[in-house]
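**Student:** My structure is stored as final_16.txt, with compact mmCIF, C-alpha atoms.
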# COMPACT_ATOMS: atom_id res chain seq x y z
CA MET W 1 139.05 94.74 124.07
CA ARG W 2 136.44 95.70 121.48
CA LEU W 3 137.75 97.52 118.46
CA TRP W 4 135.11 100.16 119.17
CA ASP W 5 137.36 101.23 122.07
CA ALA W 6 140.45 101.48 119.88
CA GLY W 7 140.12 105.17 119.01
CA ASP W 8 138.41 107.71 116.80
CA MET W 9 139.75 106.19 113.58
CA SER W 10 138.27 102.80 114.39
CA LYS W 11 134.93 104.40 115.23
CA ARG W 12 134.80 106.14 111.86
CA VAL W 13 135.73 102.96 110.04
CA ILE W 14 133.20 100.92 112.00
CA ARG W 15 130.39 103.40 111.35
CA ALA W 16 131.20 103.41 107.65
CA ASP W 17 131.33 99.60 107.54
CA LEU W 18 128.05 99.18 109.43
CA SER W 19 126.34 101.69 107.15
CA ALA W 20 127.59 99.84 104.09
CA LEU W 21 126.57 96.52 105.61
CA GLY W 22 123.06 97.86 106.23
CA PHE W 23 122.87 99.01 102.62
CA TYR W 24 123.89 95.57 101.35
CA LEU W 25 121.30 93.86 103.55
CA VAL W 26 118.57 96.13 102.17
CA LEU W 27 119.91 95.36 98.71
CA TYR W 28 119.49 91.68 99.51
CA LEU W 29 115.77 92.20 100.11
CA VAL W 30 115.45 94.19 96.90
CA LEU W 31 117.30 91.56 94.88
CA VAL W 32 115.26 88.68 96.27
CA ASN W 33 111.91 90.32 95.61
CA ALA W 34 113.01 91.64 92.21
CA ALA W 35 114.23 88.20 91.18
CA ALA W 36 110.99 86.55 92.29
CA GLY W 37 108.94 89.21 90.54
CA GLY W 38 111.02 88.86 87.39
CA ILE W 39 110.56 85.11 87.30
CA MET W 40 106.81 85.49 87.78
CA THR W 41 106.68 88.09 85.00
CA ILE W 42 108.55 85.79 82.63
CA ALA W 43 106.20 82.92 83.51
CA GLY W 44 103.16 85.12 82.92
CA ALA W 45 104.52 86.33 79.58
CA ALA W 46 105.19 82.73 78.53
CA PHE W 47 101.62 81.70 79.41
CA LEU W 48 100.26 84.70 77.53
CA PHE W 49 102.31 83.95 74.41
CA ARG W 50 101.45 80.24 74.46
CA GLY W 51 97.76 80.96 75.02
CA PHE W 52 97.67 83.54 72.23
CA MET W 53 99.37 81.16 69.81
CA GLN W 54 96.98 78.32 70.70
CA SER W 55 93.62 80.01 71.16
CA GLY W 56 94.01 83.67 70.32
CA LEU W 57 92.43 86.29 72.55
CA SER W 58 90.47 83.69 74.51
CA ALA W 59 93.63 82.69 76.42
CA ASN W 60 93.56 83.07 80.21
CA PRO W 61 97.19 83.36 81.38
CA ALA W 62 96.10 84.76 84.77
CA ALA W 63 94.37 81.47 85.65
CA GLU W 64 97.44 79.46 84.64
CA LEU W 65 99.71 81.73 86.64
CA SER W 66 97.43 81.42 89.67
CA ALA W 67 97.54 77.65 89.39
CA LEU W 68 101.32 77.81 89.18
CA THR W 69 101.56 79.79 92.41
CA ASP W 70 99.48 77.12 94.13
CA ASN W 71 102.09 74.50 93.26
CA PRO W 72 104.40 73.98 96.29
CA TRP W 73 107.27 72.77 94.09
CA PHE W 74 107.16 76.00 92.10
CA VAL W 75 106.83 78.27 95.14
CA LEU W 76 109.66 76.56 97.03
CA SER W 77 111.86 76.55 93.92
CA LEU W 78 111.10 80.23 93.31
CA ASN W 79 112.07 81.06 96.89
CA ALA W 80 115.28 79.01 96.66
CA VAL W 81 116.36 80.54 93.36
CA SER W 82 115.63 84.13 94.36
CA GLN W 83 117.25 83.83 97.80
CA TYR W 84 119.96 81.18 97.61
CA LEU W 85 121.09 81.49 93.99
CA ILE W 86 120.66 85.25 93.45
CA GLY W 87 120.23 87.33 96.61
CA MET W 88 122.68 85.66 98.98
CA PRO W 89 125.56 85.02 96.54
CA VAL W 90 125.48 88.56 95.15
CA VAL W 91 125.32 90.27 98.55
CA ALA W 92 127.89 87.90 100.09
CA TRP W 93 130.25 88.70 97.21
CA LEU W 94 129.74 92.44 97.69
CA ILE W 95 130.31 92.22 101.45
CA ARG W 96 133.50 90.19 101.06
CA LEU W 97 134.72 92.42 98.22
CA ARG W 98 133.85 95.87 99.60
CA LEU W 99 134.04 95.23 103.36
CA PRO W 100 137.25 93.46 104.34
CA THR W 101 137.50 92.56 108.01
CA ILE W 102 137.88 95.47 110.38
CA GLU W 103 141.35 94.26 111.42
CA VAL W 104 142.53 94.58 107.82
CA ARG W 105 141.05 98.07 107.47
CA LEU W 106 142.79 99.24 110.65
CA GLY W 107 146.07 97.50 109.81
CA LEU W 108 145.84 95.17 112.81
CA PRO W 109 147.09 91.57 112.79
CA PRO W 110 144.38 88.90 112.44
CA TYR W 111 143.50 86.65 115.34
CA TYR W 112 145.58 83.68 114.18
CA GLU W 113 148.74 85.84 114.29
CA LEU W 114 147.82 87.06 117.77
CA GLU W 115 147.43 83.44 118.88
CA GLN W 116 150.98 82.71 117.77
CA ALA W 117 152.37 85.87 119.36
CA VAL W 118 150.50 85.61 122.67
CA PRO W 119 150.29 82.10 124.16
CA GLY W 120 146.80 81.26 125.40
CA MET W 121 145.04 83.89 123.30
CA SER W 122 142.21 82.40 121.26
CA ALA W 123 140.10 83.62 118.38
CA LYS W 124 137.07 82.26 120.22
CA SER W 125 137.52 84.43 123.24
CA VAL W 126 139.96 86.07 125.58
CA GLY W 127 139.38 85.09 129.18
CA GLU W 128 136.18 83.22 128.28
CA GLU W 129 135.40 79.52 128.27
CA PRO W 130 134.27 78.35 124.82
CA LEU W 131 131.25 76.09 124.45
CA ARG W 132 131.88 72.41 123.84
CA GLY W 133 129.69 69.92 122.05
CA ARG W 134 127.96 68.72 125.20
CA ASP W 135 127.28 72.33 126.20
CA VAL W 136 125.56 72.88 122.87
CA LEU W 137 123.43 69.77 123.40
CA ALA W 138 122.37 71.14 126.77
CA LEU W 139 120.88 74.14 124.94
CA LEU W 140 118.43 72.03 122.92
CA PRO W 141 115.57 72.53 125.43
CA MET W 142 116.13 76.29 125.11
CA VAL W 143 115.93 75.97 121.32
CA ALA W 144 112.57 74.19 121.64
CA PHE W 145 111.26 76.74 124.12
CA LEU W 146 112.25 79.72 121.95
CA MET W 147 110.72 78.10 118.88
CA VAL W 148 107.36 77.53 120.61
CA ALA W 149 107.34 80.85 122.46
CA GLY W 150 108.27 82.81 119.34
CA SER W 151 105.62 81.03 117.29
CA LEU W 152 102.93 81.79 119.87
CA ILE W 153 103.95 85.44 120.08
CA GLY W 154 103.98 85.76 116.29
CA ALA W 155 100.57 84.13 115.96
CA GLY W 156 99.17 86.33 118.73
CA VAL W 157 100.51 89.54 117.22
CA ALA W 158 99.25 88.55 113.76
CA ALA W 159 95.79 87.75 115.15
CA ALA W 160 95.65 91.02 117.11
CA LEU W 161 96.63 93.07 114.07
CA GLY W 162 94.11 91.14 112.00
CA GLN W 163 91.37 92.04 114.46
CA LEU W 164 92.51 95.64 114.58
CA PHE W 165 92.45 96.11 110.82
CA GLY W 166 89.58 93.74 110.10
CA VAL W 167 91.70 91.24 108.17
CA GLU W 168 91.69 87.50 108.76
CA ALA W 169 95.12 86.39 109.95
CA GLN W 170 96.52 83.60 107.82
CA ASN W 171 99.85 81.81 107.98
CA SER W 172 100.46 81.24 104.27
CA GLN W 173 103.84 79.60 104.91
CA VAL W 174 102.32 76.83 107.03
CA GLU W 175 99.39 76.38 104.65
CA LEU W 176 101.81 75.99 101.75
CA LEU W 177 103.96 73.41 103.53
CA LEU W 178 101.00 71.38 104.81
CA SER W 179 99.50 71.20 101.32
CA GLY W 180 102.77 70.41 99.61
CA ASN W 181 104.92 67.44 98.75
CA LEU W 182 106.84 65.98 101.70
CA PHE W 183 109.99 65.41 99.64
CA ALA W 184 109.96 69.01 98.39
CA THR W 185 109.48 70.32 101.92
CA ILE W 186 112.39 68.28 103.28
CA LEU W 187 114.67 69.22 100.39
CA PHE W 188 114.02 72.96 100.38
CA VAL W 189 113.00 73.70 103.98
CA VAL W 190 114.92 71.16 106.06
CA ILE W 191 118.15 70.85 104.05
CA LEU W 192 118.78 73.77 101.68
CA ALA W 193 117.33 76.61 103.76
CA PRO W 194 119.28 75.94 107.01
CA LEU W 195 122.53 75.39 105.12
CA ALA W 196 122.31 78.60 103.09
CA GLU W 197 120.86 80.75 105.87
CA GLU W 198 123.41 79.71 108.50
CA LEU W 199 126.32 80.38 106.16
CA PHE W 200 124.91 83.83 105.36
CA PHE W 201 123.22 85.08 108.54
CA ARG W 202 125.60 83.49 111.00
CA LYS W 203 129.01 82.86 109.48
CA LEU W 204 129.24 85.73 107.00
CA LEU W 205 127.57 88.45 109.08
CA ILE W 206 129.04 87.44 112.43
CA ASP W 207 132.57 87.08 111.08
CA GLN W 208 132.19 90.59 109.68
CA VAL W 209 130.78 92.27 112.80
CA LYS W 210 132.28 90.23 115.66
CA PRO W 211 135.66 92.04 115.76
CA MET W 212 133.76 95.29 116.35
CA SER W 213 131.46 93.90 119.04
CA LYS W 214 130.26 90.40 119.86
CA GLY W 215 126.98 91.75 121.18
CA GLY W 216 126.57 93.77 118.01
CA ALA W 217 127.24 90.66 115.94
CA VAL W 218 124.46 88.80 117.75
CA LEU W 219 122.07 91.71 117.22
CA VAL W 220 122.87 92.13 113.52
CA SER W 221 122.59 88.40 112.86
CA ALA W 222 119.32 87.95 114.78
CA MET W 223 117.56 91.06 113.45
CA SER W 224 118.59 90.38 109.86
CA PHE W 225 117.46 86.76 110.14
CA ALA W 226 114.09 87.83 111.53
CA PHE W 227 113.39 90.62 109.05
CA PHE W 228 114.35 88.58 106.03
CA HIS W 229 111.70 85.97 106.74
CA GLN W 230 109.25 88.70 105.66
CA ASN W 231 106.53 86.96 107.66
CA LEU W 232 105.08 88.16 110.97
CA TYR W 233 104.32 84.60 112.07
CA GLN W 234 108.00 83.71 111.79
CA PHE W 235 109.52 87.01 112.91
CA PHE W 236 109.69 86.43 116.66
CA TYR W 237 110.93 82.85 116.73
CA ALA W 238 113.44 83.73 113.99
CA LEU W 239 114.61 86.64 116.15
CA PHE W 240 114.95 84.52 119.31
CA LEU W 241 116.55 81.54 117.60
CA GLY W 242 118.76 83.79 115.50
CA ALA W 243 120.18 85.35 118.66
CA LEU W 244 120.77 81.95 120.27
CA PHE W 245 122.37 80.52 117.13
CA ALA W 246 124.59 83.60 116.87
CA PHE W 247 125.69 83.12 120.49
CA ILE W 248 126.46 79.46 119.84
CA TYR W 249 128.47 80.20 116.71
CA ILE W 250 130.47 82.93 118.45
CA LYS W 251 131.23 80.69 121.43
CA THR W 252 132.14 77.62 119.35
CA GLU W 253 133.23 79.03 115.96
CA LYS W 254 131.69 75.89 114.43
CA ILE W 255 128.88 76.62 111.99
CA LEU W 256 127.98 72.91 111.83
CA TYR W 257 126.28 73.13 115.24
CA THR W 258 123.86 75.85 114.18
CA ILE W 259 123.23 74.23 110.79
CA LEU W 260 122.15 71.00 112.48
CA MET W 261 120.05 72.88 115.03
CA HIS W 262 118.41 74.91 112.29
CA MET W 263 117.62 71.73 110.35
CA GLY W 264 116.03 70.24 113.46
CA VAL W 265 113.93 73.35 114.09
CA ASN W 266 112.65 73.39 110.51
CA PHE W 267 111.92 69.67 110.55
CA PHE W 268 109.92 69.70 113.78
CA GLY W 269 108.45 73.15 113.11
As a first step, turn the structure in this file into structure tokens.
**Tutor:**
Amino acid sequence: MRLWDAGDMSKRVIRADLSALGFYLVLYLVLVNAAAGGIMTIAGAAFLFRGFMQSGLSANPAAELSALTDNPWFVLSLNAVSQYLIGMPVVAWLIRLRLPTIEVRLGLPPYYELEQAVPGMSAKSVGEEPLRGRDVLALLPMVAFLMVAGSLIGAGVAAALGQLFGVEAQNSQVELLLSGNLFATILFVVILAPLAEELFFRKLLIDQVKPMSKGGAVLVSAMSFAFFHQNLYQFFYALFLGALFAFIYIKTEKILYTILMHMGVNFFG
């Protein structure tokens, strides 16, 4: 039974929790962009001060700042710091602090107590067969299909909008990675990003929403994952893969599967 069906009190609590969760996710976007903007402002001020001290008013901090933003190491580090060291930890802390699990808010026993009280009841599912490792491996072709299909849809939509508004469609993310250092790309994109994003967008969000509705947990995880890429080229495949990864995590309760899949997608992508 979904907790949404548990009565009017649960509905009020769930609505309040979802509203608060939405606020925290918007706050995440604000924090990430504010942190990145703050770091860029500090860098610009440092260039301006150094240039003024060295050559007076002839300094050109804008050129130095532009050169800095063309450096893949700097851009990837800026993204990692703003997202994984500032945005995600702060919002995860707020969610865990201000939004305890719905069972706790309603005074219901957690799943592990139900398992002990009712033989055969599982936190993974009630009356459902959980996915096993070999079942997850069988989904790899679907992962590849969704990655390619989502990428093509994103590129097509970006190109169509570019034609409509007279702007040349460019995939700055791909251009950055192709022009960058291979070691930096592997470190930030293949290792750090999947690890942090799966813990946040899958484990944290799904564990919070799943007791209310498993379908709702998939939707929240996938939509959040897609929107927070802030890139039309990546939106659709992030949406499709986010939904599949959410399904896998719910059916297995093992975040390691989706972390490894995410690493593989980023590596081959």
**Student:** Hey, what's within 8 Å of region 77-81 of chain W if we count all atoms listed in the file and toss same-chain stuff fewer than 4 positions away? As a PyMOL selection string, please?
**Tutor:** chain W and resi 36+39+73+85-86+188+193
**Student:** Kindly save the residues from that selection, with C-alpha atoms included, as a PDB file, keeping the file's coordinate frame.
**Tutor:**
ATOM      1  CA  ALA W  36     110.990  86.550  92.290  1.00  0.00           C
ATOM      2  CA  ILE W  39     110.560  85.110  87.300  1.00  0.00           C
ATOM      3  CA  TRP W  73     107.270  72.770  94.090  1.00  0.00           C
ATOM      4  CA  LEU W  85     121.090  81.490  93.990  1.00  0.00           C
ATOM      5  CA  ILE W  86     120.660  85.250  93.450  1.00  0.00           C
ATOM      6  CA  PHE W 188     114.020  72.960 100.380  1.00  0.00           C
ATOM      7  CA  ALA W 193     117.330  76.610 103.760  1.00  0.00           C
TER       8      ALA W 193
END
**Student:** Is there a way to get, as a PyMOL selection string, all residues within 12 Å of the point (113.4, 68.5, 111.2) in file coordinates, counting only C-alpha atoms?
**Tutor:** chain W and resi 144+182+185-191+193-194+259-269
**Student:** Give the answer as one residue: which of W:Asn71, W:Gln83, W:Ser151, W:Thr41 has the shortest atom-to-atom distance to Leu232 (chain W), using only C-alpha atoms?
**Tutor:**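 Going through W:Asn71, W:Gln83, W:Ser151, W:Thr41 one by one, the smallest distance to Leu232 (chain W) is for W:Ser151.
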**Student:** From the list W:Gly215, W:Phe49, W:Tyr233, W:Leu140, which residue is nearest Val157 (chain W) when using all atoms listed in the file?
**Tutor:**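 Counting all atoms listed in the file, the residue closest to Val157 (chain W) is W:Tyr233.
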**Student:** Taking into account all atoms listed in the file, which residue in the set W:Gly133, W:Met88, W:Asn181, W:Lys203 is nearest to Ala217 (chain W)?
**Tutor:**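 Among the listed residues, the smallest separation from Ala217 (chain W) belongs to W:Lys203.
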**Student:** Between W:Ile250, W:Ala149, W:Phe245, W:Phe227, which has the minimum distance to Pro211 (chain W) (counting only C-alpha atoms)?
**Tutor:** W:Ile250
**Student:** In Å to one decimal, how far is CA of Gln234 (chain W) from CA of Gly37 (chain W)?
**Tutor:**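 Straight-line distance from CA of Gly37 (chain W) to CA of Gln234 (chain W) works out to 22.0 Å.
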